[in-house]
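First up is the structure itself, then whatever we jot down about it.
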Amino acid sequence: MMDEALFAAMGPAHLAIVGANEADWLAERQLLEARGYACRWLPMAAAHRRDPERDALDVLILDGDAEGAGRVLALVKAAGGTPPAVLVVAGSAEEADVEAALSRGADDYLIRPVCGPVLLARVKAAMRSRRGPAQPTPRHIGPYVIDPARRTVTLNGETVPLTAREFDLARLLVDNIGRPLSRAYLLEALWGYRADLPTRTLDTHASRVRSKLALGGAHGVRLSALYGYGYQLELCPA
């Protein structure tokens with residue numbers, strides 16, 4: 001089993017529950033939130049109109065009995081980048097139904113009723129699978145080396161002085177390189193949606209990270225502000 005400290009060190013986990021009736025999932029959502037997961041409700045109709053990948057979800061729990069579940073699963077798995085792990089929860093235990101869900105791209109299939117410990121175990125397993133090895137290892141991107149264990153970033157071999165929050169933002173961007181991250185996601189991941197947080201706090205930190213790490217493109221990596229949405233770290237064409 002993954003050591004809990006290492007699991008927590010991997011950063012906040014973001015989940016969404018997609019279904020037709022929010023009230024049916026209240027207990028599960030409360031359980032997940034009590035264990036530290038950032039878990040939100042996403043109506044089936046809204047899931048058809050948006051790309052859950054854009055919010056950098058780690059795990060998506062899908063009501064397999066709801067109309068349109070198959071379409072949502074296909075949309076999520078067809079998205080670019082690294083899609084979230086999808087746990088389908090349904091009432092059918094028929095082998096054909098389980099096989100159909102898995103063949104469409106589901107990472108796991110749970111049969112109702114699902115007890116709390118089983119749901120938590122399956123979510124944690126999905127997190128391990130999606131995020132890779134438990135032991136954080138340095139990541140190399142061009143001249144940059146991001147070391148989660150030491151909490152350092154080096155550029156051309158020189159350590160760049162970053163505050164704890166600046167490192168967390170830099171690591172989050174690196175872990176999602178090439179993916180647009182919404183302001184809402186970044187604020188939740190780094191500050192937990194604090195009501196007293198000045199609206200420019202995220203922009204200030206992003207500006208400092210861009211400046212300190214020289215993320216203007218000269219070193220092959222650019223941090224771009226996405227007007228009306230958030231930020232994206234991307235590789236620059238050679």
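Naming scheme: A, B, ... for chains in displayed order of the structure tokens; residues 1 onward per chain; ligands 1 onward as shown.
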Just asking: which residues within region 6-228 of chain A are strand (DSSP E) according to DSSP, as an MDAnalysis selection string?
chainID A and resid 14:19 38:43 59:63 85:90 108:111 139:141 144:147 152:155 158:159 181:182 221:226
Could you find all residues in region 5-233 of chain A that DSSP calls helix (DSSP H, G or I) from the backbone, and write them as a PyMOL selection string?
chain A and resi 5-9+22-34+44-49+52-55+69-78+95-103+116-131+164-175+183-191+201-212
Closest of A:Leu42, A:Gly217, A:Ala69, A:Ala13 to Leu172 (chain A), counting only C-alpha atoms, is A:Ala13
Pick out the residues sitting within 12 Å of Gly116 (chain A), and hand them over as an mmCIF file with all heavy atoms, in the first residue's frame; count only C-alpha atoms, and ignore anything fewer than 3 positions along from it in its own chain.
```cif
data_model
loop_
_atom_site.group_PDB
_atom_site.id
_atom_site.type_symbol
_atom_site.label_atom_id
_atom_site.label_comp_id
_atom_site.auth_asym_id
_atom_site.auth_seq_id
_atom_site.Cartn_x
_atom_site.Cartn_y
_atom_site.Cartn_z
ATOM 1 N N TRP A 25 -26.085 11.103 -4.589
ATOM 2 C CA TRP A 25 -24.647 10.973 -4.368
ATOM 3 C C TRP A 25 -24.154 11.781 -3.175
ATOM 4 O O TRP A 25 -22.956 11.935 -2.975
ATOM 5 C CB TRP A 25 -23.897 11.405 -5.628
ATOM 6 C CG TRP A 25 -24.096 10.462 -6.763
ATOM 7 C CD1 TRP A 25 -25.076 10.503 -7.705
ATOM 8 C CD2 TRP A 25 -23.305 9.323 -7.068
ATOM 9 N NE1 TRP A 25 -24.951 9.465 -8.583
ATOM 10 C CE2 TRP A 25 -23.855 8.719 -8.221
ATOM 11 C CE3 TRP A 25 -22.172 8.747 -6.493
ATOM 12 C CZ2 TRP A 25 -23.313 7.575 -8.790
ATOM 13 C CZ3 TRP A 25 -21.629 7.611 -7.067
ATOM 14 C CH2 TRP A 25 -22.208 7.032 -8.203
ATOM 15 N N ALA A 27 -24.124 11.231 0.089
ATOM 16 C CA ALA A 27 -23.343 10.493 1.077
ATOM 17 C C ALA A 27 -21.929 10.214 0.569
ATOM 18 O O ALA A 27 -20.945 10.374 1.308
ATOM 19 C CB ALA A 27 -24.043 9.179 1.434
ATOM 20 N N GLU A 28 -21.820 9.795 -0.689
ATOM 21 C CA GLU A 28 -20.508 9.497 -1.253
ATOM 22 C C GLU A 28 -19.648 10.746 -1.337
ATOM 23 O O GLU A 28 -18.444 10.727 -1.043
ATOM 24 C CB GLU A 28 -20.647 8.879 -2.652
ATOM 25 C CG GLU A 28 -21.175 7.459 -2.664
ATOM 26 C CD GLU A 28 -22.685 7.402 -2.555
ATOM 27 O OE1 GLU A 28 -23.327 8.468 -2.400
ATOM 28 O OE2 GLU A 28 -23.242 6.277 -2.643
ATOM 29 N N ARG A 29 -20.271 11.848 -1.738
ATOM 30 C CA ARG A 29 -19.518 13.099 -1.846
ATOM 31 C C ARG A 29 -19.010 13.550 -0.482
ATOM 32 O O ARG A 29 -17.861 13.963 -0.335
ATOM 33 C CB ARG A 29 -20.393 14.173 -2.478
ATOM 34 C CG ARG A 29 -19.671 15.498 -2.699
ATOM 35 C CD ARG A 29 -20.556 16.488 -3.426
ATOM 36 N NE ARG A 29 -19.889 17.753 -3.606
ATOM 37 C CZ ARG A 29 -20.439 18.806 -4.205
ATOM 38 N NH1 ARG A 29 -21.681 18.722 -4.682
ATOM 39 N NH2 ARG A 29 -19.781 19.937 -4.332
ATOM 40 N N GLN A 30 -19.867 13.464 0.533
ATOM 41 C CA GLN A 30 -19.463 13.852 1.887
ATOM 42 C C GLN A 30 -18.330 12.961 2.390
ATOM 43 O O GLN A 30 -17.398 13.438 3.053
ATOM 44 C CB GLN A 30 -20.657 13.787 2.832
ATOM 45 C CG GLN A 30 -21.707 14.860 2.565
ATOM 46 C CD GLN A 30 -22.928 14.728 3.447
ATOM 47 O OE1 GLN A 30 -23.222 13.647 3.969
ATOM 48 N NE2 GLN A 30 -23.656 15.821 3.621
ATOM 49 N N LEU A 31 -18.385 11.677 2.079
ATOM 50 C CA LEU A 31 -17.339 10.748 2.490
ATOM 51 C C LEU A 31 -16.008 11.125 1.850
ATOM 52 O O LEU A 31 -14.976 11.181 2.524
ATOM 53 C CB LEU A 31 -17.728 9.321 2.094
ATOM 54 C CG LEU A 31 -16.655 8.247 2.312
ATOM 55 C CD1 LEU A 31 -16.353 8.089 3.800
ATOM 56 C CD2 LEU A 31 -17.104 6.914 1.705
ATOM 57 N N LEU A 32 -16.020 11.399 0.549
ATOM 58 C CA LEU A 32 -14.791 11.738 -0.157
ATOM 59 C C LEU A 32 -14.214 13.059 0.337
ATOM 60 O O LEU A 32 -12.995 13.190 0.521
ATOM 61 C CB LEU A 32 -15.066 11.806 -1.664
ATOM 62 C CG LEU A 32 -15.379 10.464 -2.331
ATOM 63 C CD1 LEU A 32 -15.989 10.677 -3.709
ATOM 64 C CD2 LEU A 32 -14.115 9.614 -2.436
ATOM 65 N N ALA A 34 -14.626 14.335 3.266
ATOM 66 C CA ALA A 34 -14.126 14.132 4.623
ATOM 67 C C ALA A 34 -12.727 13.532 4.625
ATOM 68 O O ALA A 34 -11.958 13.723 5.580
ATOM 69 C CB ALA A 34 -15.079 13.221 5.406
ATOM 70 N N ARG A 35 -12.390 12.814 3.552
ATOM 71 C CA ARG A 35 -11.062 12.227 3.424
ATOM 72 C C ARG A 35 -10.090 13.145 2.688
ATOM 73 O O ARG A 35 -8.987 12.721 2.338
ATOM 74 C CB ARG A 35 -11.158 10.886 2.694
ATOM 75 C CG ARG A 35 -11.870 9.809 3.498
ATOM 76 C CD ARG A 35 -11.171 9.563 4.832
ATOM 77 N NE ARG A 35 -11.822 8.535 5.617
ATOM 78 C CZ ARG A 35 -11.490 7.249 5.587
ATOM 79 N NH1 ARG A 35 -10.514 6.844 4.799
ATOM 80 N NH2 ARG A 35 -12.144 6.381 6.334
ATOM 81 N N LEU A 110 -17.848 -0.414 -10.526
ATOM 82 C CA LEU A 110 -18.340 -0.780 -9.200
ATOM 83 C C LEU A 110 -19.836 -1.032 -9.272
ATOM 84 O O LEU A 110 -20.559 -0.317 -9.971
ATOM 85 C CB LEU A 110 -18.065 0.334 -8.189
ATOM 86 C CG LEU A 110 -16.612 0.542 -7.738
ATOM 87 C CD1 LEU A 110 -15.811 1.261 -8.822
ATOM 88 C CD2 LEU A 110 -16.559 1.348 -6.456
ATOM 89 N N ARG A 112 -23.517 -1.261 -7.500
ATOM 90 C CA ARG A 112 -24.294 -0.768 -6.364
ATOM 91 C C ARG A 112 -24.911 -1.933 -5.579
ATOM 92 O O ARG A 112 -25.282 -2.944 -6.182
ATOM 93 C CB ARG A 112 -25.422 0.149 -6.864
ATOM 94 C CG ARG A 112 -24.948 1.487 -7.368
ATOM 95 C CD ARG A 112 -26.160 2.413 -7.508
ATOM 96 N NE ARG A 112 -25.762 3.708 -8.009
ATOM 97 C CZ ARG A 112 -25.805 4.063 -9.283
ATOM 98 N NH1 ARG A 112 -26.232 3.208 -10.187
ATOM 99 N NH2 ARG A 112 -25.428 5.261 -9.655
ATOM 100 N N PRO A 113 -25.081 -1.744 -4.269
ATOM 101 C CA PRO A 113 -24.624 -0.605 -3.460
ATOM 102 C C PRO A 113 -23.131 -0.716 -3.159
ATOM 103 O O PRO A 113 -22.616 -1.820 -2.955
ATOM 104 C CB PRO A 113 -25.456 -0.728 -2.181
ATOM 105 C CG PRO A 113 -25.720 -2.211 -2.068
ATOM 106 C CD PRO A 113 -25.863 -2.710 -3.481
ATOM 107 N N LEU A 119 -15.310 2.183 -1.980
ATOM 108 C CA LEU A 119 -15.217 3.350 -2.849
ATOM 109 C C LEU A 119 -13.907 4.085 -2.620
ATOM 110 O O LEU A 119 -13.211 4.456 -3.586
ATOM 111 C CB LEU A 119 -16.400 4.282 -2.592
ATOM 112 C CG LEU A 119 -16.399 5.592 -3.399
ATOM 113 C CD1 LEU A 119 -16.478 5.306 -4.890
ATOM 114 C CD2 LEU A 119 -17.556 6.487 -2.968
ATOM 115 N N LEU A 120 -13.536 4.300 -1.375
ATOM 116 C CA LEU A 120 -12.290 4.994 -1.068
ATOM 117 C C LEU A 120 -11.083 4.223 -1.602
ATOM 118 O O LEU A 120 -10.139 4.810 -2.146
ATOM 119 C CB LEU A 120 -12.161 5.198 0.442
ATOM 120 C CG LEU A 120 -13.131 6.204 1.072
ATOM 121 C CD1 LEU A 120 -13.067 6.125 2.586
ATOM 122 C CD2 LEU A 120 -12.824 7.620 0.595
ATOM 123 N N ALA A 121 -11.112 2.900 -1.448
ATOM 124 C CA ALA A 121 -10.002 2.078 -1.926
ATOM 125 C C ALA A 121 -9.879 2.144 -3.440
ATOM 126 O O ALA A 121 -8.772 2.223 -3.988
ATOM 127 C CB ALA A 121 -10.185 0.632 -1.471
ATOM 128 N N ARG A 122 -11.015 2.118 -4.140
ATOM 129 C CA ARG A 122 -10.984 2.172 -5.603
ATOM 130 C C ARG A 122 -10.512 3.549 -6.091
ATOM 131 O O ARG A 122 -9.800 3.646 -7.089
ATOM 132 C CB ARG A 122 -12.359 1.856 -6.160
ATOM 133 C CG ARG A 122 -12.842 0.438 -5.860
ATOM 134 C CD ARG A 122 -12.018 -0.615 -6.573
ATOM 135 N NE ARG A 122 -12.545 -1.944 -6.362
ATOM 136 C CZ ARG A 122 -13.451 -2.533 -7.145
ATOM 137 N NH1 ARG A 122 -13.919 -1.895 -8.193
ATOM 138 N NH2 ARG A 122 -13.892 -3.745 -6.871
ATOM 139 N N VAL A 123 -10.944 4.603 -5.400
ATOM 140 C CA VAL A 123 -10.494 5.946 -5.779
ATOM 141 C C VAL A 123 -8.990 6.080 -5.585
ATOM 142 O O VAL A 123 -8.275 6.610 -6.437
ATOM 143 C CB VAL A 123 -11.243 7.025 -4.964
ATOM 144 C CG1 VAL A 123 -10.571 8.386 -5.123
ATOM 145 C CG2 VAL A 123 -12.692 7.113 -5.411
#
```
Go ahead and compute the interatomic distance for CA of Tyr144 (chain A) and CA of Asn156 (chain A), in Å to one decimal.
6.5 Å
Hey, which of A:Leu62, A:Leu155, A:Ala164, A:Ala184 ends up closest to Ala218 (chain A)? Count only C-alpha atoms.
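With only C-alpha atoms as the atom set, the closest residue is A:Leu155.
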Contact residues around Glu166 (chain A) with only C-alpha atoms at 7 Å, ignoring same-chain residues under 4 positions, as a PyMOL selection string:
chain A and resi 162+170+205+209
Those same residues - N, CA, C and O atoms - I'd like them written as a CSV table (one decimal), in the first residue's frame.
```csv
chain,number,residue,atom,x,y,z
A,162,LEU,N,12.5,29.9,-4.9
A,162,LEU,CA,11.0,30.0,-5.0
A,162,LEU,C,10.4,29.9,-3.6
A,162,LEU,O,10.9,29.2,-2.7
A,170,ALA,N,4.4,26.1,-9.6
A,170,ALA,CA,5.2,25.7,-10.7
A,170,ALA,C,5.1,24.2,-10.9
A,170,ALA,O,5.0,23.7,-12.0
A,205,HIS,N,1.3,35.5,-8.2
A,205,HIS,CA,2.1,34.3,-8.1
A,205,HIS,C,2.5,33.8,-9.5
A,205,HIS,O,3.7,33.4,-9.7
A,209,VAL,N,6.4,33.4,-10.8
A,209,VAL,CA,6.9,32.1,-11.3
A,209,VAL,C,7.4,32.3,-12.8
A,209,VAL,O,8.5,31.8,-13.1
```
When distances are computed from only C-alpha atoms, which of A:Arg183, A:Lys212, A:Lys124, A:Leu60 shows the smallest separation from Arg200 (chain A)?
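Looking only at the distances to Arg200 (chain A), the closest residue turns out to be A:Arg183.
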Can you tell me, as number ranges by chain, what residues are no more than 8 Å from Trp41 (chain A) when counting only C-alpha atoms, ignoring any on the same chain fewer than 4 positions away?
A: 16-18, 22
Take the residues from that selection and put them in a file with N, CA and C atoms, as a CSV table (one decimal), in the first residue's frame.
```csv
chain,number,residue,atom,x,y,z
A,16,ALA,N,-14.7,14.5,-9.6
A,16,ALA,CA,-16.1,15.0,-10.0
A,16,ALA,C,-17.0,13.8,-10.1
A,17,ILE,N,-18.2,14.0,-9.6
A,17,ILE,CA,-19.2,13.0,-9.7
A,17,ILE,C,-20.2,13.4,-10.8
A,18,VAL,N,-20.4,12.6,-11.8
A,18,VAL,CA,-21.3,12.9,-12.9
A,18,VAL,C,-22.5,12.0,-12.8
A,22,GLU,N,-28.3,14.7,-8.1
A,22,GLU,CA,-27.2,15.1,-7.1
A,22,GLU,C,-27.5,14.4,-5.7
```
Nearest to Arg179 (chain A): which of A:Ala100, A:Ala66, A:Ala126, A:Leu223 is it, counting only C-alpha atoms?
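Residue with the minimum atom-to-atom distance to Arg179 (chain A): A:Leu223.
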Report, in Å with one decimal, the straight-line distance from CA of Ile111 (chain A) to CA of Gly91 (chain A).
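CA of Ile111 (chain A) sits 5.5 Å away from CA of Gly91 (chain A).
Interatomic distance, CA of Gly105 (chain A) against CA of Cys39 (chain A): 21.5 Å.
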From the list A:Ala78, A:Val88, A:Leu169, A:Ile177, which residue is nearest Trp191 (chain A) when using only C-alpha atoms?
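Distance minimum relative to Trp191 (chain A) lands on A:Leu169.
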